[in-house]
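Visitor: For reference, the structure I am asking about is given below.
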Amino acid sequence: MRVLELQSITKRFGAVTANEDVSLHLDKGEIIALLGENGAGKTTLMSILFGHYTADAGTVRVEGAELPPGKPRAAIRAGVGMVHQHFALAPNLTVLENVMTGTESLWKLRSDRAGARRKLADLSAKFGLKVDPDARVSELSVGECQRVEILKALYNDARILILDEPTAVLTAQEAEGLFATLREMAAKGLSLIFISHKLHEVMSASDRVVVLRGGRVVAERRTPETSKEELAELMVGRAVQRPERVPGRPGAVLLEGVDLTLGGKGGASLKGVNFRLHAGETLGIIGVSGNGQTTLAGLVSGLYPPDGGALLLRGHRPARHDVPHAIAAGIGRIPEDRNAEGAIGDMATWENVVLERIWDPEFSSRGIVRRGAAKQATQEIIRDHDVRGASVDGRIRLLSGGNMQKLILGRVLRAGPEILVAAQPSRGLDEGAIAGVHERLLEARGKGAGVLLISEDLDEVMALSDRVQAIVGGKLSPAIPVEAADARLLGLMMAGDWSVAKEIEGADAV
Amino acid sequence: MNVILDILSSVGMWEAVLRIATPLIFGTLGVLLCERVGVLNLGIEGIMTFGAMLGWLTVYSGGDLWMGLVMAGVGGAMFGLLHAVLTVPLGLSQHVTGLGITLFASSFAYYVFRLAVPTATSPPTVEPFRPLAVPGLSEIPFVGQVLFNQTAPTYLALALVAALAWCLYRTPLGLALRMTGENPHAVDAQGINPVSLRIGTIMAGSALMGMGGAFLTLAAFNSFFPTMVQGRGWICVALVVFASWRPGRALLGALLFAFFDAFQLRLQTVVEGVPYQLFLMLPYALSILALVLMARRARVPQALMQPYRRGER
């Protein structure tokens, strides 16, 4: 049975066409993936369906009846629920209050809290979405917040559920749990659309894939009848090849961590971390997020000095452990959260480019900023790194994630760092952008830099690293050469079973 | 010491506390409403002045007292509408708009006043609200004499505290209002228009401010003069923070401030050799102290002062 039908939807924003003649249908009990790169028009399309935007042309039908355009209320009534990428929750209110808002007539003199609580508990049990109704949302983890969002939709009796990049903020494990829940919901008769640009989750979780590119539907495939490779090509519009790593020639030890400990700063603590990073190699640190990798990245890039142990730079303890000295010592940093730590959204692109090295004679002299040189440098980065949509004087906030990352990479690489700390460098990026980032990282390694790659993406670590260590509970496993690694072994290491890794490392040392 | 005990044990002192607190209760509830939906309303000082004038003018030109109170509310709501249009759909700075409204409303109030009574040198008076003794209850010694021998607007203010608390915490509308102050995007996602909710609430809150002003002319001073609000509006803004945006605590804050004020008034007359200005400062100094102690754990509405535009974060 056809529960949802979008017909010839067209939407323009000024001169930009976000969606052009898009048609799409959804059957009962089906999960479809809406696949496309950032900017392909996926979110716009779903916003039209949900009534946040009004389409310039085309119709939306739910169970045969046409939805009036631009009315979220009507979409909700018709049984469409939306789980937004940025959660639409109020942190100071309780879970129950968040779920209840807007579900009763506003002019009732008394809310039926007891009834609402019962209904929420029933839904929670039926779909295995456990959450405490009286907890404040601010106390919940990201995964729990998402459960609340889904419950909110279900509470409104949604029969069609739309999830906008549901895994963007989740850890790999949380994502698996989410897809299991979605399967369960489909089995119980709900129909789902999830938006994604991650090929592996599209392949594993959907029945059918609709590929969007440049605002148009370019292909539709039954998931079992397609492959990651085909989808990647359809999505990007050309064959995308992630770059191949060629064996490197590691040089001297650039950076060494000896029994590093650090408590509580900006994440999980480190409890005795040992590693060696050579010139011209990439050391991959893999782990489920929350095991201390944020702290490790911060420590290495100079944000916090260690509580115990030593961080040796070319065999010596640095005189002072702070960010300016780290930068001066040739440590480049690609931060995990580029919006919070990598760029200042409301400042100009050129200001963001020079901010880290404003005291460098290239960019300032006698306390005066050399704007000409700064803008020149920015221009070069935009050109050399193919940063699209950026202008030297424009606010950096306007860039897409991929382009902002290219700019940050350009900024860091321009300084010619000997050590590069890359934390989750491809998080949230689409396939084309990931390939670009990987290429640059391999290039830096080729030029003799030591790259410390901190990532939770198995494919990424396997593709880029020369040696791999797992981070578990603030400790690093023994290092194994990537040739000896496979998904199963890395999985074991991430789970804390290091026996095989120890053998390999031992054999390697001999 | 005996002097202080005498003051504290007099019925007149505690009666005055409730009387002084009344305009503050109206004003604080008004600010609280606006801020609960995420909009700061610094227009309060001017809106109270305008309400005081309009209430007085209505009665002066022959309307009855309740009519005066209602008109003050309507006048306040109109300035609320102006503030709402500027800050909600247009998304202008709430500080600047609020201060502008304060300046505009107070000058406008004086202008209208002068149009009505061009020549009078001393402000004309009206017949004010009289204390309304609740039969039976007002005869309970002390407590009854204090609580049940007030003017009608004071009873109304106390009832409003309960009504507003019920509305915010027990009704679907109240939940939607609180949600609007926390995350208007979430309200929109549930199919309620946060823009109209904000505009309506700001108007209601400003109506309360206007009525608070009218209490001054219709139950306290019996006449209008342009400086009569004397910072009461600003006190209300501070009291809302003190109250952590909760109506019950707002009442508590208003009473506390009124207590200091009534106390210092009486202290002035019995303590000699201390300049009276020092006593005048007392309630403000103590309010700041109370604010410091109470407001540190306050839960600020997360979307306070953030304009809402659909599709933008």
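Letters A, B, ... mark the chains of the structure tokens in the order given; residue numbers begin at 1 per chain; ligand numbers begin at 1, in order shown.
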At a cut-off of 12 Å, using only C-alpha atoms, what residues contact Ala319 in chain A? Leave out same-chain residues fewer than 3 positions from it and give the result as a VMD selection string.
Guide: chain A and resid 302 305 310 to 313 316 322 324 to 326 328 to 329
Visitor: Could you give me, as a list in words, the residues within 9 Å of range 369-375 of chain A, counting only C-alpha atoms and dropping anything in the same chain fewer than 3 positions from it?
Guide: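 Returned residues: Thr349, Trp350, Glu351, Val353, Val354, Ile358, Trp359, Pro361, Glu362, Phe363, Ser364, Ser365, Arg366, Thr378, Gln379, Glu380, Val392 and Asp393 of chain A.
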Visitor: Determine, using only C-alpha atoms, which residues of chain A have any atom at most 7 Å from an atom of chain B, and tabulate each with its shortest atom pair and distance in Å to one decimal place, rows ordered by chain and then rising number, as JSON lines.
Guide:
{"residue": "A:Pro72", "atom": "CA", "partner": "B:Gly191", "partner_atom": "CA", "distance": 5.0}
{"residue": "A:Arg73", "atom": "CA", "partner": "B:Gly191", "partner_atom": "CA", "distance": 4.2}
{"residue": "A:Ala88", "atom": "CA", "partner": "B:Ala186", "partner_atom": "CA", "distance": 4.2}
{"residue": "A:Leu89", "atom": "CA", "partner": "B:Ala186", "partner_atom": "CA", "distance": 5.5}
{"residue": "A:Ala90", "atom": "CA", "partner": "B:Glu182", "partner_atom": "CA", "distance": 5.2}
{"residue": "A:Thr101", "atom": "CA", "partner": "B:Ala176", "partner_atom": "CA", "distance": 5.7}
{"residue": "A:Gly102", "atom": "CA", "partner": "B:Gln190", "partner_atom": "CA", "distance": 5.7}
{"residue": "A:Glu104", "atom": "CA", "partner": "B:Pro172", "partner_atom": "CA", "distance": 6.2}
{"residue": "A:Ser105", "atom": "CA", "partner": "B:Pro172", "partner_atom": "CA", "distance": 6.9}
{"residue": "A:Leu106", "atom": "CA", "partner": "B:Leu173", "partner_atom": "CA", "distance": 4.6}
{"residue": "A:Trp107", "atom": "CA", "partner": "B:Leu173", "partner_atom": "CA", "distance": 6.3}
{"residue": "A:Lys108", "atom": "CA", "partner": "B:Thr171", "partner_atom": "CA", "distance": 6.4}
{"residue": "A:Leu109", "atom": "CA", "partner": "B:Thr171", "partner_atom": "CA", "distance": 5.5}
{"residue": "A:Arg110", "atom": "CA", "partner": "B:Thr171", "partner_atom": "CA", "distance": 4.6}
{"residue": "A:Ser111", "atom": "CA", "partner": "B:Thr171", "partner_atom": "CA", "distance": 4.8}
Visitor: Can you write out the residues you just picked, keeping N, CA and C atoms, as a compact mmCIF listing (two decimals), in the first residue's frame?
Guide:
# COMPACT_ATOMS: atom_id res chain seq x y z
N PRO A 72 2.78 22.57 9.08
CA PRO A 72 3.30 21.43 9.84
C PRO A 72 2.19 20.70 10.60
N ARG A 73 1.25 21.47 11.13
CA ARG A 73 0.15 20.91 11.90
C ARG A 73 -0.61 19.85 11.07
N ALA A 88 14.90 19.16 18.10
CA ALA A 88 13.98 20.23 18.46
C ALA A 88 13.47 19.95 19.87
N LEU A 89 14.35 20.08 20.85
CA LEU A 89 13.98 19.78 22.23
C LEU A 89 14.31 20.98 23.12
N ALA A 90 13.60 21.09 24.23
CA ALA A 90 13.90 22.14 25.21
C ALA A 90 14.67 21.52 26.37
N THR A 101 4.14 18.71 24.49
CA THR A 101 3.88 20.05 23.96
C THR A 101 3.12 20.00 22.64
N GLY A 102 2.03 20.74 22.60
CA GLY A 102 1.29 20.86 21.35
C GLY A 102 0.41 19.67 21.03
N GLU A 104 -2.19 18.67 22.96
CA GLU A 104 -3.55 18.88 23.43
C GLU A 104 -4.04 20.23 22.93
N SER A 105 -5.34 20.44 22.98
CA SER A 105 -5.86 21.75 22.64
C SER A 105 -5.27 22.77 23.60
N LEU A 106 -4.78 23.89 23.06
CA LEU A 106 -4.10 24.87 23.90
C LEU A 106 -5.00 25.47 24.97
N TRP A 107 -6.31 25.45 24.75
CA TRP A 107 -7.18 26.19 25.66
C TRP A 107 -7.79 25.33 26.73
N LYS A 108 -7.32 24.07 26.81
CA LYS A 108 -7.79 23.23 27.92
C LYS A 108 -7.28 23.80 29.24
N LEU A 109 -8.11 23.70 30.28
CA LEU A 109 -7.71 24.30 31.55
C LEU A 109 -6.78 23.40 32.35
N ARG A 110 -6.66 22.15 31.92
CA ARG A 110 -5.79 21.27 32.66
C ARG A 110 -5.20 20.21 31.73
N SER A 111 -3.88 20.05 31.76
CA SER A 111 -3.25 19.01 30.95
C SER A 111 -3.51 17.65 31.57
Visitor: List the neighbours of range 134-146 of chain B out to 6 Å using only C-alpha atoms; skip same-chain residues closer than 2 positions along the sequence, and give me the result as a list of chain:residue names.
Guide: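 Neighbouring residues, sequence-local ones excluded: B:Glu15, B:Phe148, B:Asn149.
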Visitor: State, in Å with one decimal place, the distance from CA of Phe108 in chain B to CA of Ser196 in chain B.
Guide: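 Separation of CA of Phe108 in chain B and CA of Ser196 in chain B: 27.1 Å.
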Visitor: Identify which of the residues B:Glu127, B:Asp261, B:Asp64, B:Glu272 lies closest to Ala219 in chain B, counting only C-alpha atoms when measuring atom-to-atom distances.
Guide: B:Glu127
Visitor: Determine the nearest neighbour of Thr58 in chain B from the options B:Val161, B:Thr154, B:Phe225, B:Ala214, counting only C-alpha atoms.
Guide: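 Using only C-alpha atoms, the shortest distance to Thr58 in chain B belongs to B:Ala214.
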Visitor: Mind checking which residues fall within 8 Å of range 227-229 of chain A, counting only C-alpha atoms, ignoring those fewer than 5 positions away in the same chain, and posting them as a PyMOL selection string?
Guide: chain A and resi 199-200+203
Visitor: What does the distance between CA of Arg388 in chain A and CA of Asn403 in chain A come to in Å, to one decimal place?
Guide: 6.2 Å
Visitor: Which residues are near Thr43 in chain A? Cut-off 8 Å, only C-alpha atoms, ignore same chain within fewer than 4 positions. Put them as a PyMOL selection string.
Guide: chain A and resi 47+164+195
Visitor: Please give the complete set of residues from range 184-307 of chain B that DSSP, run on the backbone, assigns to alpha helix (DSSP H), formatted as a ChimeraX atom specification.
Guide: /B:184-189,194-215,232-242,247-270,276-294
Visitor: Between B:Ser93, B:Ala52, B:Ile4, B:Leu164, which residue has the minimum interatomic distance to Thr201 in chain B, considering only C-alpha atoms?
Guide: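 Of B:Ser93, B:Ala52, B:Ile4, B:Leu164, the one nearest Thr201 in chain B is B:Leu164, counting only C-alpha atoms.
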Visitor: Write out as a list in words each polymer residue whose atoms come within 12 Å of Leu115 in chain B, counting only C-alpha atoms; drop sequence neighbours fewer than 5 positions from it.
Guide: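 Answer for this query is Met53, Leu57, Phe108, Ala109, Tyr110 and Ala120 of chain B.
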Visitor: Quick one: everything within 7 Å of range 235-249 of chain B, counting only C-alpha atoms, minus sequence neighbours fewer than 2 positions away in the same chain. Send it as an NGL selection string.
Guide: :B and (24 or 27-29 or 31-32 or 161 or 164-165 or 231-233 or 251-254 or 291 or 294-295 or 298-299)
Visitor: Which one of B:Ser223, B:Gln94, B:Asn2, B:Thr119 sits closest to Cys34 in chain B if you count only C-alpha atoms?
Guide: B:Gln94
Visitor: Looking at B:Leu132, B:Val59, B:Ile20, B:Val195, which one is nearest to Phe260 in chain B, with distances taken over only C-alpha atoms?
Guide: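 Among B:Leu132, B:Val59, B:Ile20, B:Val195, it is B:Ile20 that comes nearest to Phe260 in chain B.
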Visitor: Would you mind writing down, as a PyMOL selection string, each residue of range 5-150 of chain A that DSSP on the backbone assigns to strand (DSSP E)?
Guide: chain A and resi 5-13+16-27+31-35+57-62+65-66+80-83
Visitor: Could you check how far CA of Arg395 in chain A sits from CA of Gly41 in chain A, in Å to one decimal?
Guide: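 Straight-line distance from CA of Arg395 in chain A to CA of Gly41 in chain A works out to 22.4 Å.
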Visitor: Hey, which of A:Gly342, A:Gly416, A:Gly448, A:Gly143 ends up closest to Gly401 in chain A? Count only C-alpha atoms.
Guide: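 Looking only at the distances to Gly401 in chain A, the closest residue turns out to be A:Gly342.
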